[in-house]
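Peer 1: This is the content of final_14.csv (CSV, C-alpha atoms):
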chain,number,residue,atom,x,y,z
A,26,MET,CA,4.8,-33.9,-20.1
A,27,THR,CA,3.9,-32.3,-16.8
A,28,THR,CA,1.8,-29.2,-16.5
A,29,PRO,CA,3.1,-26.3,-14.4
A,30,PRO,CA,1.4,-25.7,-11.1
A,31,PRO,CA,-1.5,-23.2,-11.4
A,32,GLY,CA,-0.9,-19.6,-10.2
A,33,PRO,CA,-2.7,-17.9,-7.4
A,34,SER,CA,-6.5,-17.9,-7.5
A,35,ARG,CA,-8.5,-14.7,-8.2
A,36,THR,CA,-9.4,-14.5,-4.5
A,37,VAL,CA,-5.7,-14.5,-3.5
A,38,LYS,CA,-4.9,-11.8,-6.0
A,39,VAL,CA,-7.8,-9.6,-4.8
A,40,MET,CA,-6.7,-10.1,-1.1
A,41,ALA,CA,-3.1,-9.2,-2.0
A,42,LEU,CA,-4.3,-6.0,-3.6
A,43,VAL,CA,-6.5,-5.1,-0.7
A,44,ILE,CA,-3.6,-5.7,1.7
A,45,SER,CA,-1.4,-3.4,-0.3
A,46,ILE,CA,-4.1,-0.7,-0.3
A,47,LEU,CA,-4.6,-1.0,3.5
A,48,CYS,CA,-0.9,-0.8,4.1
A,49,GLY,CA,-0.8,2.4,2.1
A,50,LEU,CA,-3.8,3.8,4.0
A,51,VAL,CA,-2.1,3.1,7.4
A,52,ALA,CA,1.1,4.8,6.2
A,53,ALA,CA,-0.9,7.8,4.9
A,54,LEU,CA,-2.8,8.2,8.2
A,55,ILE,CA,0.5,8.0,10.2
A,56,ALA,CA,2.2,10.5,7.9
A,57,PHE,CA,-0.8,12.9,8.1
A,58,THR,CA,-1.0,12.7,11.9
A,59,LEU,CA,2.7,13.1,12.4
A,60,SER,CA,2.9,16.1,10.0
A,61,ARG,CA,0.0,17.8,11.7
A,62,HIS,CA,1.6,17.2,15.1
A,63,LEU,CA,4.7,18.8,13.8
A,64,GLU,CA,2.7,21.9,12.8
A,65,ALA,CA,2.6,21.4,9.0
A,66,THR,CA,-0.2,23.1,7.1
A,67,ALA,CA,-3.1,21.0,5.8
A,68,LEU,CA,-1.8,21.1,2.3
A,69,GLN,CA,1.6,19.9,3.4
A,70,ALA,CA,0.1,17.1,5.5
A,71,LEU,CA,-2.0,15.9,2.5
A,72,THR,CA,1.1,16.0,0.3
A,73,TYR,CA,3.1,13.9,2.8
A,74,SER,CA,0.2,11.4,3.3
A,75,ALA,CA,-0.3,11.0,-0.5
A,76,GLY,CA,3.4,10.4,-1.1
A,77,SER,CA,3.5,7.9,1.8
A,78,PHE,CA,0.4,6.1,0.4
A,79,MET,CA,1.9,5.8,-3.1
A,80,ALA,CA,5.3,4.7,-1.8
A,81,VAL,CA,4.1,2.0,0.6
A,82,ALA,CA,1.4,0.7,-1.7
A,83,ALA,CA,3.9,0.4,-4.6
A,84,PHE,CA,6.4,-1.3,-2.3
A,85,ALA,CA,3.8,-3.8,-1.0
A,86,ARG,CA,2.7,-4.6,-4.6
A,87,SER,CA,6.3,-5.1,-5.7
A,88,VAL,CA,6.9,-7.5,-2.7
A,89,GLN,CA,3.7,-9.4,-3.5
A,90,GLY,CA,4.7,-9.6,-7.1
A,91,SER,CA,8.1,-11.0,-6.3
A,92,LEU,CA,6.5,-13.6,-4.0
A,93,GLY,CA,4.2,-14.7,-6.9
A,94,LEU,CA,1.0,-13.5,-5.4
A,95,LEU,CA,0.0,-11.2,-8.2
Show me the file's structure as structure tokens.
Peer 2:
Amino acid sequence: MTTPPPGPSRTVKVMALVISILCGLVAALIAFTLSRHLEATALQALTYSAGSFMAVAAFARSVQGSLGLL
């Protein structure tokens, strides 16, 4: 009987999570900068950046999960 190949190591999992968080932070910074450039209030800009962070980080995690990294 053959054993299945081992999954990703702990280091790979941590790096995958860090990459998804960094992608979310970049998206949040871009959303904040663009919304302030387009004359949004500070609260609106924070709302846009928080939404962008959550969406991009969740998307990155789902892609990494489907690739078997998590």
Peer 1: Pick out the residues sitting within 12 Å of A:Leu42, and hand them over as a list in words; count all atoms listed in the file, and ignore anything fewer than 5 positions along from it in its own chain.
Peer 2: Arg35, Thr36, Val37, Leu47, Cys48, Gly49, Ala82, Ala83, Phe84, Ala85, Arg86, Ser87, Val88, Gln89, Gly90, Leu94 and Leu95 of chain A
Peer 1: What would the file look like if the residues just selected were written as a PDB file, keeping the file's coordinate frame with C-alpha atoms?
Peer 2:
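Final output, out.pdb:
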ATOM      1  CA  ARG A  35      -8.500 -14.700  -8.200  1.00  0.00           C
ATOM      2  CA  THR A  36      -9.400 -14.500  -4.500  1.00  0.00           C
ATOM      3  CA  VAL A  37      -5.700 -14.500  -3.500  1.00  0.00           C
ATOM      4  CA  LEU A  47      -4.600  -1.000   3.500  1.00  0.00           C
ATOM      5  CA  CYS A  48      -0.900  -0.800   4.100  1.00  0.00           C
ATOM      6  CA  GLY A  49      -0.800   2.400   2.100  1.00  0.00           C
ATOM      7  CA  ALA A  82       1.400   0.700  -1.700  1.00  0.00           C
ATOM      8  CA  ALA A  83       3.900   0.400  -4.600  1.00  0.00           C
ATOM      9  CA  PHE A  84       6.400  -1.300  -2.300  1.00  0.00           C
ATOM     10  CA  ALA A  85       3.800  -3.800  -1.000  1.00  0.00           C
ATOM     11  CA  ARG A  86       2.700  -4.600  -4.600  1.00  0.00           C
ATOM     12  CA  SER A  87       6.300  -5.100  -5.700  1.00  0.00           C
ATOM     13  CA  VAL A  88       6.900  -7.500  -2.700  1.00  0.00           C
ATOM     14  CA  GLN A  89       3.700  -9.400  -3.500  1.00  0.00           C
ATOM     15  CA  GLY A  90       4.700  -9.600  -7.100  1.00  0.00           C
ATOM     16  CA  LEU A  94       1.000 -13.500  -5.400  1.00  0.00           C
ATOM     17  CA  LEU A  95       0.000 -11.200  -8.200  1.00  0.00           C
TER      18      LEU A  95
END
Peer 1: Can you tell me which residues surround stretch 64-72 of chain A at a distance of at most 12 Å, considering only C-alpha atoms, apart from same-chain residues fewer than 6 positions away, and format the answer as an MDAnalysis selection string?
Peer 2: chainID A and resid 53:58 78:79
Peer 1: Return the single residue from A:Thr27, A:Val51, A:Lys38, A:Leu92 that is closest to A:Ser77, with distances computed using only C-alpha atoms.
Peer 2: A:Val51
Peer 1: Between atom CA of A:Ser60 and atom CA of A:Ser74, what is the distance in Å, rounded to a tenth?
Peer 2: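 One can read the atom CA of A:Ser60 to atom CA of A:Ser74 distance as 8.6 Å.
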Peer 1: Just how far from atom CA of A:Gly93 is atom CA of A:Gly32, in Å to one decimal?
Peer 2: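 If I compute the distance from atom CA of A:Gly32 to atom CA of A:Gly93, I get 7.8 Å.
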Peer 1: Can you measure atom CA of A:Thr28 to atom CA of A:Ala41 for me? One decimal in Å is fine.
Peer 2: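 Straight-line distance from atom CA of A:Thr28 to atom CA of A:Ala41 works out to 25.2 Å.
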Peer 1: Return the single residue from A:Val39, A:Ala52, A:Ile44, A:Leu63 that is closest to A:Val81, with distances computed using all atoms listed in the file.
Peer 2: A:Ala52
